[in-house]
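S.K.: The structure file work_12.cif (mmCIF, C-alpha atoms and all ligand atoms) is provided below.
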data_coords
#
loop_
_atom_site.label_atom_id
_atom_site.label_comp_id
_atom_site.auth_asym_id
_atom_site.auth_seq_id
_atom_site.Cartn_x
_atom_site.Cartn_y
_atom_site.Cartn_z
CA MET A 1094 -100.71 52.05 57.49
CA SER A 1095 -102.87 55.16 57.58
CA GLU A 1096 -102.29 58.12 55.27
CA THR A 1097 -100.98 60.18 58.14
CA THR A 1098 -98.21 57.83 59.25
CA THR A 1099 -96.32 57.76 55.93
CA ALA A 1100 -92.60 58.14 56.41
CA TYR A 1101 -91.78 60.30 53.38
CA PRO A 1102 -94.04 62.87 51.71
CA VAL A 1103 -94.51 62.20 47.98
CA CYS A 1104 -94.89 64.75 45.19
CA ILE A 1105 -95.65 64.89 41.50
CA ALA A 1106 -92.44 66.26 39.99
CA GLY A 1107 -93.51 66.35 36.34
CA THR A 1108 -96.22 65.40 33.86
CA GLY A 1109 -96.38 64.61 30.15
CA SER A 1110 -98.85 63.40 27.55
CA TYR A 1111 -99.13 62.30 23.96
CA VAL A 1112 -102.01 61.80 21.54
CA PRO A 1113 -101.78 60.38 18.02
CA GLU A 1114 -101.97 62.76 15.07
CA ARG A 1115 -105.01 61.31 13.35
CA ILE A 1116 -108.26 63.08 14.31
CA LEU A 1117 -111.53 61.20 13.88
CA THR A 1118 -114.49 63.60 13.90
CA ASN A 1119 -118.11 62.95 14.78
CA ALA A 1120 -119.03 63.68 11.15
CA GLU A 1121 -116.71 60.89 9.97
CA LEU A 1122 -118.30 58.46 12.43
CA ALA A 1123 -121.74 59.45 11.14
CA GLU A 1124 -120.67 58.18 7.72
CA ARG A 1125 -120.01 54.77 9.23
CA VAL A 1126 -122.80 54.20 11.78
CA ASP A 1127 -126.30 55.63 12.28
CA THR A 1128 -125.37 58.61 14.44
CA SER A 1129 -124.87 62.39 14.17
CA ASP A 1130 -122.58 65.10 15.43
CA GLU A 1131 -125.58 66.58 17.25
CA TRP A 1132 -126.36 63.30 19.11
CA ILE A 1133 -122.75 62.64 20.12
CA LEU A 1134 -122.09 66.22 21.22
CA SER A 1135 -125.31 66.66 23.18
CA ARG A 1136 -125.18 63.22 24.89
CA THR A 1137 -121.45 63.06 25.59
CA GLY A 1138 -119.70 66.39 24.92
CA ILE A 1139 -117.27 64.69 22.52
CA ARG A 1140 -116.42 66.43 19.21
CA GLU A 1141 -113.47 64.33 18.04
CA ARG A 1142 -110.99 61.72 19.21
CA ARG A 1143 -107.45 60.62 18.25
CA ILE A 1144 -106.73 57.28 16.59
CA ALA A 1145 -103.30 55.64 16.63
CA ARG A 1146 -101.71 54.31 13.45
CA ASP A 1147 -101.69 50.53 12.95
CA ASP A 1148 -97.97 50.50 13.69
CA GLU A 1149 -98.33 52.77 16.74
CA PHE A 1150 -98.68 50.64 19.88
CA THR A 1151 -99.65 51.48 23.44
CA SER A 1152 -95.98 51.36 24.46
CA HIS A 1153 -95.06 53.92 21.79
CA MET A 1154 -97.63 56.42 23.05
CA ALA A 1155 -96.61 55.68 26.65
CA THR A 1156 -92.95 56.30 25.83
CA HIS A 1157 -93.69 59.69 24.23
CA ALA A 1158 -95.71 60.76 27.27
CA ALA A 1159 -93.01 59.46 29.63
CA ARG A 1160 -90.25 61.41 27.87
CA ARG A 1161 -92.27 64.60 28.27
CA ALA A 1162 -92.87 63.89 31.95
CA LEU A 1163 -89.17 63.20 32.54
CA GLU A 1164 -88.29 66.46 30.81
CA ASP A 1165 -90.85 68.34 32.89
CA ALA A 1166 -89.36 66.83 36.06
CA GLY A 1167 -85.80 67.53 34.91
CA MET A 1168 -84.98 63.88 35.39
CA ASP A 1169 -82.94 61.31 33.49
CA ALA A 1170 -84.59 57.98 32.60
CA ALA A 1171 -81.53 56.20 33.97
CA ALA A 1172 -82.49 57.42 37.46
CA LEU A 1173 -85.98 55.86 37.36
CA GLU A 1174 -86.57 53.12 39.92
CA LEU A 1175 -90.14 52.08 39.17
CA ILE A 1176 -92.44 52.15 36.11
CA ILE A 1177 -96.13 51.30 36.43
CA ILE A 1178 -98.37 51.37 33.38
CA ALA A 1179 -102.13 51.30 33.72
CA THR A 1180 -103.68 49.88 30.57
CA ILE A 1181 -106.35 47.52 29.30
CA THR A 1182 -104.80 47.53 25.84
CA PRO A 1183 -101.26 46.21 26.35
CA ASP A 1184 -98.93 45.68 23.38
CA THR A 1185 -98.90 41.96 24.23
CA PRO A 1186 -100.63 39.87 26.94
CA THR A 1187 -97.14 39.28 28.29
CA PRO A 1188 -94.60 40.73 28.85
CA ALA A 1189 -96.05 43.86 30.38
CA THR A 1190 -96.17 47.03 28.27
CA ALA A 1191 -94.07 48.66 31.02
CA CYS A 1192 -91.18 46.37 30.03
CA TYR A 1193 -91.21 47.73 26.45
CA VAL A 1194 -91.31 51.27 27.79
CA GLN A 1195 -88.44 50.57 30.20
CA GLN A 1196 -86.39 49.36 27.23
CA ALA A 1197 -87.37 52.31 24.99
CA LEU A 1198 -86.50 54.85 27.68
CA GLY A 1199 -83.26 53.12 28.65
CA ALA A 1200 -84.52 53.07 32.23
CA THR A 1201 -82.40 50.03 33.03
CA ARG A 1202 -82.61 50.37 36.83
CA ALA A 1203 -86.40 50.52 36.92
CA VAL A 1204 -88.69 47.70 38.03
CA ALA A 1205 -91.53 47.70 35.49
CA PHE A 1206 -95.02 46.20 35.53
CA ASP A 1207 -98.58 46.86 34.34
CA ILE A 1208 -101.82 47.12 36.27
CA SER A 1209 -105.33 46.56 34.92
CA ALA A 1210 -108.00 48.73 36.52
CA ALA A 1211 -109.58 50.18 33.37
CA CYS A 1212 -110.25 53.94 33.50
CA SER A 1213 -109.24 54.06 37.18
CA GLY A 1214 -105.79 52.61 36.50
CA PHE A 1215 -103.76 55.82 36.55
CA LEU A 1216 -104.96 56.76 40.04
CA TYR A 1217 -104.54 53.16 41.22
CA ALA A 1218 -100.95 53.43 39.97
CA MET A 1219 -100.58 56.76 41.77
CA LYS A 1220 -101.68 55.25 45.08
CA ILE A 1221 -99.41 52.20 44.67
CA ALA A 1222 -96.42 54.34 43.71
CA LYS A 1223 -97.10 56.81 46.50
CA ARG A 1224 -97.09 54.02 49.08
CA LEU A 1225 -93.94 52.42 47.67
CA ILE A 1226 -92.11 55.75 47.79
CA SER A 1227 -93.45 56.89 51.14
CA SER A 1228 -92.42 53.59 52.71
CA GLY A 1229 -88.86 54.13 51.53
CA ALA A 1230 -88.83 51.14 49.15
CA PHE A 1231 -88.31 53.36 46.08
CA ASN A 1232 -87.14 56.94 45.62
CA ASN A 1233 -89.18 57.67 42.51
CA ALA A 1234 -91.69 56.25 40.05
CA LEU A 1235 -92.97 56.86 36.54
CA ILE A 1236 -96.69 56.18 36.33
CA ILE A 1237 -98.45 56.08 32.97
CA GLY A 1238 -102.01 55.66 31.71
CA ALA A 1239 -101.87 54.54 28.08
CA GLU A 1240 -104.52 53.08 25.82
CA LYS A 1241 -105.12 52.12 22.21
CA LEU A 1242 -108.87 51.73 22.67
CA SER A 1243 -109.36 51.87 18.89
CA SER A 1244 -107.97 48.30 18.88
CA VAL A 1245 -110.81 47.04 21.13
CA THR A 1246 -113.68 49.14 19.72
CA ASN A 1247 -116.54 47.62 17.77
CA TRP A 1248 -116.68 50.14 14.92
CA ASP A 1249 -120.17 48.93 13.94
CA ASP A 1250 -121.70 49.57 17.39
CA ARG A 1251 -122.90 53.19 17.55
CA ALA A 1252 -123.56 52.91 21.29
CA THR A 1253 -119.83 52.55 22.03
CA CYS A 1254 -117.69 53.48 19.01
CA VAL A 1255 -118.46 57.19 19.37
CA LEU A 1256 -117.05 57.29 22.90
CA PHE A 1257 -113.46 56.09 22.80
CA GLY A 1258 -110.05 57.30 21.66
CA ASP A 1259 -106.30 56.67 21.97
CA GLY A 1260 -103.53 58.42 23.91
CA ALA A 1261 -101.18 58.38 26.90
CA GLY A 1262 -100.38 60.50 29.94
CA ALA A 1263 -97.58 60.18 32.48
CA ALA A 1264 -96.38 61.57 35.78
CA ILE A 1265 -93.15 61.34 37.77
CA LEU A 1266 -93.60 60.79 41.49
CA ARG A 1267 -90.77 61.21 43.96
CA ARG A 1268 -90.00 62.03 47.53
CA SER A 1269 -91.00 65.61 48.17
CA GLU A 1270 -88.17 67.85 49.23
CA ASP A 1271 -89.81 71.27 49.13
CA GLY A 1272 -93.47 70.41 49.68
CA GLU A 1273 -94.48 71.26 46.09
CA GLY A 1274 -96.84 68.96 44.17
CA MET A 1275 -97.64 66.97 47.29
CA VAL A 1276 -100.01 64.03 47.00
CA LEU A 1277 -102.05 64.67 50.15
CA ALA A 1278 -104.63 61.89 50.08
CA THR A 1279 -105.68 59.00 47.86
CA GLU A 1280 -108.64 56.68 47.80
CA MET A 1281 -109.65 53.73 45.65
CA GLY A 1282 -112.42 51.15 45.55
CA THR A 1283 -113.86 48.25 43.59
CA ASP A 1284 -117.28 46.59 43.23
CA GLY A 1285 -116.88 43.20 41.57
CA ASN A 1286 -120.66 42.69 41.59
CA LEU A 1287 -120.76 45.05 38.62
CA THR A 1288 -118.30 43.36 36.27
CA HIS A 1289 -121.09 42.85 33.74
CA LEU A 1290 -121.69 46.57 33.17
CA LEU A 1291 -118.58 47.23 31.14
CA LYS A 1292 -116.30 44.58 29.71
CA ILE A 1293 -114.38 43.05 26.87
CA PRO A 1294 -115.94 39.58 27.12
CA GLY A 1295 -113.60 37.65 24.85
CA GLY A 1296 -109.89 37.10 24.49
CA GLY A 1297 -109.21 35.84 28.01
CA THR A 1298 -109.49 32.37 29.56
CA ALA A 1299 -113.26 32.69 30.10
CA CYS A 1300 -113.95 33.12 26.43
CA PRO A 1301 -111.00 32.61 24.10
CA ILE A 1302 -111.33 33.98 20.58
CA THR A 1303 -111.59 30.93 18.31
CA ALA A 1304 -112.20 30.33 14.61
CA ALA A 1305 -115.86 29.66 15.53
CA ASN A 1306 -116.51 33.02 17.29
CA VAL A 1307 -114.02 35.28 15.55
CA ASP A 1308 -116.78 37.28 13.83
CA ASP A 1309 -118.77 37.94 17.04
CA ASN A 1310 -116.79 41.00 18.17
CA LEU A 1311 -116.15 39.41 21.58
CA GLY A 1312 -112.80 41.12 21.81
CA THR A 1313 -114.37 44.58 21.84
CA LEU A 1314 -115.81 46.78 24.58
CA SER A 1315 -119.46 46.27 25.45
CA MET A 1316 -121.31 48.42 27.96
CA LEU A 1317 -124.61 49.04 29.72
CA GLY A 1318 -124.16 52.79 29.43
CA LYS A 1319 -127.06 54.02 31.57
CA GLU A 1320 -126.12 51.77 34.51
CA VAL A 1321 -122.47 52.78 34.29
CA PHE A 1322 -123.54 56.43 34.24
CA LYS A 1323 -125.50 56.10 37.48
CA HIS A 1324 -122.77 54.31 39.42
CA ALA A 1325 -120.10 56.62 38.03
CA VAL A 1326 -121.74 59.73 39.46
CA ASN A 1327 -122.27 58.22 42.91
CA ARG A 1328 -118.85 56.61 43.25
CA MET A 1329 -116.88 59.59 41.97
CA LYS A 1330 -118.72 61.97 44.25
CA GLU A 1331 -118.02 59.76 47.28
CA ALA A 1332 -114.35 59.22 46.39
CA ALA A 1333 -113.77 62.95 45.81
CA GLU A 1334 -115.42 63.82 49.13
CA ILE A 1335 -113.25 61.28 50.95
CA VAL A 1336 -109.95 62.70 49.67
CA ILE A 1337 -111.08 66.29 50.21
CA GLU A 1338 -111.90 65.48 53.83
CA ARG A 1339 -108.79 63.36 54.38
CA ALA A 1340 -106.65 66.23 53.10
CA GLY A 1341 -108.31 68.52 55.64
CA LEU A 1342 -110.00 70.58 52.91
CA LYS A 1343 -113.46 71.78 51.91
CA ALA A 1344 -114.99 71.89 48.44
CA GLU A 1345 -114.43 75.66 48.25
CA ASP A 1346 -110.67 75.11 48.75
CA ILE A 1347 -110.38 73.15 45.50
CA ALA A 1348 -109.00 75.26 42.65
CA CYS A 1349 -109.44 72.56 40.02
CA VAL A 1350 -111.28 69.25 39.80
CA ILE A 1351 -109.96 66.95 37.10
CA PRO A 1352 -112.51 64.18 36.54
CA HIS A 1353 -112.41 61.12 34.30
CA GLN A 1354 -113.19 62.30 30.79
CA ALA A 1355 -116.04 59.97 29.82
CA ASN A 1356 -119.17 62.09 29.45
CA LEU A 1357 -119.80 65.80 29.98
CA ARG A 1358 -123.14 65.06 31.61
CA ILE A 1359 -121.41 62.84 34.20
CA ILE A 1360 -118.85 65.58 34.84
CA ASP A 1361 -121.57 68.22 35.24
CA ALA A 1362 -123.48 65.99 37.67
CA ILE A 1363 -120.38 65.51 39.81
CA ALA A 1364 -119.48 69.19 39.85
CA ASP A 1365 -123.03 69.91 40.92
CA ARG A 1366 -123.00 67.33 43.72
CA LEU A 1367 -119.62 68.46 44.99
CA SER A 1368 -120.77 72.10 44.82
CA VAL A 1369 -117.76 73.01 42.69
CA PRO A 1370 -118.48 75.67 40.05
CA ASN A 1371 -118.12 74.46 36.44
CA GLU A 1372 -115.27 76.87 35.71
CA ARG A 1373 -113.14 74.97 38.24
CA VAL A 1374 -113.63 71.67 36.44
CA PHE A 1375 -111.09 70.72 33.77
CA ILE A 1376 -112.52 69.28 30.57
CA ASN A 1377 -110.79 68.07 27.42
CA LEU A 1378 -113.01 65.17 26.37
CA ASP A 1379 -114.32 67.26 23.48
CA LYS A 1380 -110.90 66.72 21.83
CA TYR A 1381 -110.04 63.18 22.85
CA GLY A 1382 -113.17 61.30 23.94
CA ASN A 1383 -112.74 58.65 26.60
CA THR A 1384 -109.20 57.27 26.58
CA SER A 1385 -109.71 55.06 29.67
CA ALA A 1386 -106.61 55.01 31.92
CA ALA A 1387 -104.96 57.70 29.80
CA ALA A 1388 -107.78 60.22 30.17
CA ILE A 1389 -107.06 61.62 33.63
CA ALA A 1390 -103.32 61.54 32.99
CA ILE A 1391 -103.64 63.55 29.77
CA ALA A 1392 -106.05 65.93 31.50
CA LEU A 1393 -103.67 66.47 34.44
CA ASP A 1394 -100.83 67.27 32.05
CA GLU A 1395 -102.91 69.66 29.93
CA ALA A 1396 -104.39 71.36 32.98
CA GLN A 1397 -100.92 71.83 34.43
CA ARG A 1398 -99.41 73.19 31.22
CA THR A 1399 -102.31 75.50 30.40
CA GLY A 1400 -102.35 77.09 33.86
CA ALA A 1401 -105.68 75.68 35.05
CA PHE A 1402 -104.11 75.79 38.51
CA ARG A 1403 -101.01 77.32 40.08
CA ARG A 1404 -98.33 76.40 42.60
CA GLY A 1405 -99.90 75.95 46.00
CA ASP A 1406 -103.41 75.33 44.62
CA HIS A 1407 -105.35 72.30 45.79
CA ILE A 1408 -106.60 70.01 43.04
CA VAL A 1409 -108.68 66.84 43.06
CA LEU A 1410 -108.48 64.00 40.53
CA VAL A 1411 -111.37 61.53 40.40
CA VAL A 1412 -112.08 58.55 38.14
CA PHE A 1413 -114.23 55.45 37.63
CA GLY A 1414 -114.21 52.58 35.19
CA ALA A 1415 -114.84 48.93 34.44
CA GLY A 1416 -114.81 46.60 37.42
CA LEU A 1417 -116.42 48.72 38.60
CA THR A 1418 -113.42 50.59 39.93
CA TRP A 1419 -113.05 54.14 41.19
CA ALA A 1420 -110.35 56.31 42.73
CA ALA A 1421 -109.49 59.86 43.72
CA ALA A 1422 -106.49 61.91 44.79
CA ALA A 1423 -106.10 65.31 46.46
CA ILE A 1424 -102.90 67.19 45.61
CA ARG A 1425 -101.40 70.48 46.75
CA TRP A 1426 -99.67 71.65 43.58
O1 LIG B 1 -115.03 55.08 31.27
C1 LIG B 1 -116.26 54.55 31.66
C2 LIG B 1 -116.97 54.27 30.41
N1 LIG B 1 -118.33 54.49 30.29
C3 LIG B 1 -119.05 55.59 30.48
O2 LIG B 1 -118.68 56.57 31.06
C4 LIG B 1 -120.39 55.59 29.89
C5 LIG B 1 -121.46 56.11 30.76
N2 LIG B 1 -122.67 56.22 30.01
C6 LIG B 1 -122.85 57.20 29.08
O3 LIG B 1 -121.98 58.03 28.87
C7 LIG B 1 -124.17 57.25 28.37
O4 LIG B 1 -125.04 56.28 28.93
C8 LIG B 1 -124.06 57.01 26.84
C9 LIG B 1 -123.39 58.21 26.19
C10 LIG B 1 -123.24 55.76 26.56
C11 LIG B 1 -125.44 56.88 26.23
O5 LIG B 1 -126.22 58.02 26.53
P1 LIG B 1 -127.73 57.82 27.07
O6 LIG B 1 -128.30 59.16 27.22
O7 LIG B 1 -127.64 56.95 28.30
O8 LIG B 1 -128.42 57.12 25.86
P2 LIG B 1 -129.13 55.69 25.78
O9 LIG B 1 -128.13 54.60 25.86
O10 LIG B 1 -130.28 55.66 26.75
O11 LIG B 1 -129.73 55.77 24.34
C12 LIG B 1 -130.75 56.70 23.99
C13 LIG B 1 -131.09 56.48 22.54
C14 LIG B 1 -131.38 55.02 22.21
O12 LIG B 1 -132.41 55.01 21.25
P3 LIG B 1 -133.92 54.70 21.70
O13 LIG B 1 -133.87 53.34 22.33
O14 LIG B 1 -134.28 55.78 22.66
O15 LIG B 1 -134.66 54.77 20.41
C15 LIG B 1 -130.10 54.56 21.56
O16 LIG B 1 -130.31 53.52 20.64
O17 LIG B 1 -129.98 56.87 21.72
C16 LIG B 1 -129.66 55.79 20.84
N3 LIG B 1 -128.24 55.85 20.58
C17 LIG B 1 -127.69 56.60 19.64
N4 LIG B 1 -128.25 57.44 18.71
C18 LIG B 1 -127.42 58.08 17.88
C19 LIG B 1 -127.23 55.22 21.26
N5 LIG B 1 -126.05 55.55 20.73
C20 LIG B 1 -126.30 56.41 19.72
C21 LIG B 1 -125.50 57.11 18.81
N6 LIG B 1 -126.10 57.94 17.92
N7 LIG B 1 -124.16 57.02 18.82
#
Would you give me this structure, written as structure tokens?
M.R.:
Amino acid sequence: MSETTTAYPVCIAGTGSYVPERILTNAELAERVDTSDEWILSRTGIRERRIARDDEFTSHMATHAARRALEDAGMDAAALELIIIATITPDTPTPATACYVQQALGATRAVAFDISAACSGFLYAMKIAKRLISSGAFNNALIIGAEKLSSVTNWDDRATCVLFGDGAGAAILRRSEDGEGMVLATEMGTDGNLTHLLKIPGGGTACPITAANVDDNLGTLSMLGKEVFKHAVNRMKEAAEIVIERAGLKAEDIACVIPHQANLRIIDAIADRLSVPNERVFINLDKYGNTSAAAIAIALDEAQRTGAFRRGDHIVLVVFGAGLTWAAAAIRW
């Protein structure tokens, strides 16, 4: 089914986000590993990140963000029909984190499941939910990106531990009645030839964590940063251009680009290649670092609430992550 033959238009009716209270600064990290505030800031743009408490799980952060999105949409949890959570740090391998959130919200009617697409997960969830609503199968959906990356970070590896943080962002999608918040076009892609660039090697069936390898940090994120950087710029540029064109727009029509919050240099490179001036690009990674699937969802919520764009403005969301995966969406707010 092509984008243009969808039966029902779909809109974003509300957004919400949540980050844990605890702030971990670059200076604190420099006490632990051989790094500096200057290195982290100049190479990534990150100043600090949030770290969840030991007893604060992915589902807890997701539930906070969801409640705020429901409030923003003026909607009751009991009316929700679908909950999709994008995460690579679920509370438990099974059941899905979405099931815990369904229970916590009292969203008893909602079908709930997780998807795993790393940093691209929130926009994958958006495309899935959009199709399920536009086809008439569901009237609404709660999509969430939520991560407790601190639980899969090797805190002794300076190349990765300075990058990640915890948090959650959510959005309510529903059939559009008045044309506001319309999701105009979506795009997503995957290149499984590049699985080796960014992964958590252990903890699955390929490499279970055993008594013999428990000290090898196999359950933490490992990355070939430079390679990821290169692919990220190319894939995000292409995906953004596709949705801009599919929505019948030009780069100069875009009031706000909200990119994946991984590295300021990546964001600058994309803005440059899309010919979008820096002041139209939303950035909050200085405060939160890279929160994987949560990053774009938190950014969308903050951009919306701080007036980075207005009703009727066109915005573009664009992400990439492990897989490699990438995705983009064009929205008329
Ligand atoms: O959501 C998707 C997730 N991933 C990404 O978006 C990551 C994409 N990649 C990046 O953001 C960047 O590649 C990094 C920020 C990860 C690294 O920046 P870089 O400019 O590519 O640095 P590099 O890996 O080439 O390292 C340069 C130097 C190395 O030292 P030598 O070999 O030149 O002596 C590293 O050992 O910086 C060193 N280094 C550090 N120094 C201080 C690496 N990490 C650190 C650190 N503090 N934290």
S.K.: Please report the interatomic distance between atom C7 of ligand LIG 1 (chain B) and CA of Val1321 in chain A in Å with one decimal.
M.R.: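 Taking atom C7 of ligand LIG 1 (chain B) and CA of Val1321 in chain A, their separation equals 7.6 Å.
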S.K.: When you look at range 1203-1208 of chain A with a cut-off of 10 Å (counting all atoms listed in the file), what residues show up, excluding the ones that are within fewer than 4 positions of it in the same chain? I need them as a PyMOL selection string.
M.R.: chain A and resi 1170-1181+1183+1187-1196+1199+1214-1215+1217-1218+1231+1233-1238
S.K.: For range 1322-1336 of chain A, find every residue with an atom within 7 Å (counting only C-alpha atoms), except residues of its own chain fewer than 5 positions away, and show them as a count of residues only.
M.R.: 17
S.K.: Select all residues near (-96.3, 55.6, 44.5) (cut-off 8 Å, inclusive, file coordinates), counting all atoms listed in the file, and output them as a VMD selection string.
M.R.: chain A and resid 1103 1218 to 1227 1233 to 1234 1266 to 1267
S.K.: Can you write just those residues out, C-alpha atoms, as an mmCIF file, in the frame of the given file?
M.R.:
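Printed below is part_39.cif as written:
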data_model
loop_
_atom_site.group_PDB
_atom_site.id
_atom_site.type_symbol
_atom_site.label_atom_id
_atom_site.label_comp_id
_atom_site.auth_asym_id
_atom_site.auth_seq_id
_atom_site.Cartn_x
_atom_site.Cartn_y
_atom_site.Cartn_z
ATOM 1 C CA VAL A 1103 -94.510 62.200 47.980
ATOM 2 C CA ALA A 1218 -100.950 53.430 39.970
ATOM 3 C CA MET A 1219 -100.580 56.760 41.770
ATOM 4 C CA LYS A 1220 -101.680 55.250 45.080
ATOM 5 C CA ILE A 1221 -99.410 52.200 44.670
ATOM 6 C CA ALA A 1222 -96.420 54.340 43.710
ATOM 7 C CA LYS A 1223 -97.100 56.810 46.500
ATOM 8 C CA ARG A 1224 -97.090 54.020 49.080
ATOM 9 C CA LEU A 1225 -93.940 52.420 47.670
ATOM 10 C CA ILE A 1226 -92.110 55.750 47.790
ATOM 11 C CA SER A 1227 -93.450 56.890 51.140
ATOM 12 C CA ASN A 1233 -89.180 57.670 42.510
ATOM 13 C CA ALA A 1234 -91.690 56.250 40.050
ATOM 14 C CA LEU A 1266 -93.600 60.790 41.490
ATOM 15 C CA ARG A 1267 -90.770 61.210 43.960
#
S.K.: Neighbours of ligand LIG 1 (chain B) at 6 Å or closer, counting all atoms listed in the file: which residues, as a PyMOL selection string?
M.R.: chain A and resi 1128-1129+1132-1133+1136-1137+1212+1251-1252+1255+1318-1319+1321-1322+1355-1356+1385+1414
S.K.: Selected residues, C-alpha atoms, written as a CSV table (one decimal), in the coordinates of the input, please.
M.R.:
chain,number,residue,atom,x,y,z
A,1128,THR,CA,-125.4,58.6,14.4
A,1129,SER,CA,-124.9,62.4,14.2
A,1132,TRP,CA,-126.4,63.3,19.1
A,1133,ILE,CA,-122.8,62.6,20.1
A,1136,ARG,CA,-125.2,63.2,24.9
A,1137,THR,CA,-121.4,63.1,25.6
A,1212,CYS,CA,-110.2,53.9,33.5
A,1251,ARG,CA,-122.9,53.2,17.6
A,1252,ALA,CA,-123.6,52.9,21.3
A,1255,VAL,CA,-118.5,57.2,19.4
A,1318,GLY,CA,-124.2,52.8,29.4
A,1319,LYS,CA,-127.1,54.0,31.6
A,1321,VAL,CA,-122.5,52.8,34.3
A,1322,PHE,CA,-123.5,56.4,34.2
A,1355,ALA,CA,-116.0,60.0,29.8
A,1356,ASN,CA,-119.2,62.1,29.4
A,1385,SER,CA,-109.7,55.1,29.7
A,1414,GLY,CA,-114.2,52.6,35.2
S.K.: What is the distance between CA of Leu1287 in chain A and CA of Met1316 in chain A, in Å to one decimal?
M.R.: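 Spanning CA of Leu1287 in chain A to CA of Met1316 in chain A is a straight-line distance of 11.2 Å.
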S.K.: For a quick check of understanding, using all atoms listed in the file, which of A:Gly1138, A:Gly1274, A:Pro1102, A:Gly1285 has the smallest distance to Thr1418 in chain A?
M.R.: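 Among the listed residues, A:Gly1285 lies closest to Thr1418 in chain A.
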S.K.: Env of range 1104-1117 of chain A: 6 Å cut, atoms = all atoms listed in the file, seq-sep filter 2 positions within chain, self excluded. Answer as number ranges by chain.
M.R.: A: 1141-1145, 1158, 1161-1162, 1165-1166, 1260-1267, 1269, 1274-1276, 1391, 1394
S.K.: How would the residues just picked look written out with C-alpha atoms as an mmCIF file, in the coordinates of the input?
M.R.:
data_model
loop_
_atom_site.group_PDB
_atom_site.id
_atom_site.type_symbol
_atom_site.label_atom_id
_atom_site.label_comp_id
_atom_site.auth_asym_id
_atom_site.auth_seq_id
_atom_site.Cartn_x
_atom_site.Cartn_y
_atom_site.Cartn_z
ATOM 1 C CA GLU A 1141 -113.470 64.330 18.040
ATOM 2 C CA ARG A 1142 -110.990 61.720 19.210
ATOM 3 C CA ARG A 1143 -107.450 60.620 18.250
ATOM 4 C CA ILE A 1144 -106.730 57.280 16.590
ATOM 5 C CA ALA A 1145 -103.300 55.640 16.630
ATOM 6 C CA ALA A 1158 -95.710 60.760 27.270
ATOM 7 C CA ARG A 1161 -92.270 64.600 28.270
ATOM 8 C CA ALA A 1162 -92.870 63.890 31.950
ATOM 9 C CA ASP A 1165 -90.850 68.340 32.890
ATOM 10 C CA ALA A 1166 -89.360 66.830 36.060
ATOM 11 C CA GLY A 1260 -103.530 58.420 23.910
ATOM 12 C CA ALA A 1261 -101.180 58.380 26.900
ATOM 13 C CA GLY A 1262 -100.380 60.500 29.940
ATOM 14 C CA ALA A 1263 -97.580 60.180 32.480
ATOM 15 C CA ALA A 1264 -96.380 61.570 35.780
ATOM 16 C CA ILE A 1265 -93.150 61.340 37.770
ATOM 17 C CA LEU A 1266 -93.600 60.790 41.490
ATOM 18 C CA ARG A 1267 -90.770 61.210 43.960
ATOM 19 C CA SER A 1269 -91.000 65.610 48.170
ATOM 20 C CA GLY A 1274 -96.840 68.960 44.170
ATOM 21 C CA MET A 1275 -97.640 66.970 47.290
ATOM 22 C CA VAL A 1276 -100.010 64.030 47.000
ATOM 23 C CA ILE A 1391 -103.640 63.550 29.770
ATOM 24 C CA ASP A 1394 -100.830 67.270 32.050
#
S.K.: Would you mind listing what lies within 10 Å of Ile1347 in chain A as a list of chain:residue names, with all atoms listed in the file counted and same-chain residues fewer than 5 positions away left out?
M.R.: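 Listed by chain and then number, they are A:Ile1337, A:Leu1342, A:Val1369, A:Arg1373, A:Val1374, A:Phe1402, A:Asp1406, A:His1407, A:Ile1408, A:Val1409, A:Ala1423, A:Ile1424, A:Arg1425.
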S.K.: A:Leu1357, A:Ile1293, A:Leu1256, A:Ala1159: which is nearest Ser1135 in chain A, counting all atoms listed in the file?
M.R.: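 For Ser1135 in chain A, the nearest of the candidates is A:Leu1357.
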S.K.: Out of A:Asp1259, A:Ala1100, A:Ala1348, A:Asn1119, which residue has the shortest atom-to-atom distance to Lys1241 in chain A when counting only C-alpha atoms?
M.R.: A:Asp1259
S.K.: From the set A:Ala1387, A:Leu1198, A:Leu1291, A:Ala1401, which residue has the shortest atom-to-atom contact distance to Gln1354 in chain A, counting all atoms listed in the file?
M.R.: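 Answer, going by the shortest atom-to-atom distance: A:Ala1387.
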S.K.: So how far away is CA of Thr1182 in chain A from CA of Arg1358 in chain A, in Å?
M.R.: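 If I compute the distance from CA of Arg1358 in chain A to CA of Thr1182 in chain A, I get 26.0 Å.
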S.K.: Kindly indicate which residue among A:Ile1139, A:Ala1305, A:Ala1200, A:Leu1417 lies nearest to Arg1160 in chain A, using only C-alpha atoms for the distances.
M.R.: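 Ranked by minimum distance to Arg1160 in chain A, first place goes to A:Ala1200.
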S.K.: If I put a ball of radius 7 Å at (-110.3, 53.7, 16.0) in the file's coordinates, which residues poke into it when counting only C-alpha atoms, written as a list in words?
M.R.: Ile1144, Ser1243, Ser1244, Thr1246 and Gly1258 of chain A
S.K.: Give the answer as one residue: which of A:Asn1286, A:Asn1247, A:Asn1371, A:Asn1232 has the shortest atom-to-atom distance to Asn1310 in chain A, using all atoms listed in the file?
M.R.: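 Ranked by minimum distance to Asn1310 in chain A, first place goes to A:Asn1247.
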S.K.: With all atoms of range 1311-1321 of chain A from the file as input, state the centre and edge lengths in Å to one decimal of the axis-aligned box that has 6 Å extra on each side, as lines of an AutoDock Vina configuration file.
M.R.:
center_x = -119.9
center_y = 46.7
center_z = 28.0
size_x = 26.3
size_y = 26.6
size_z = 24.9
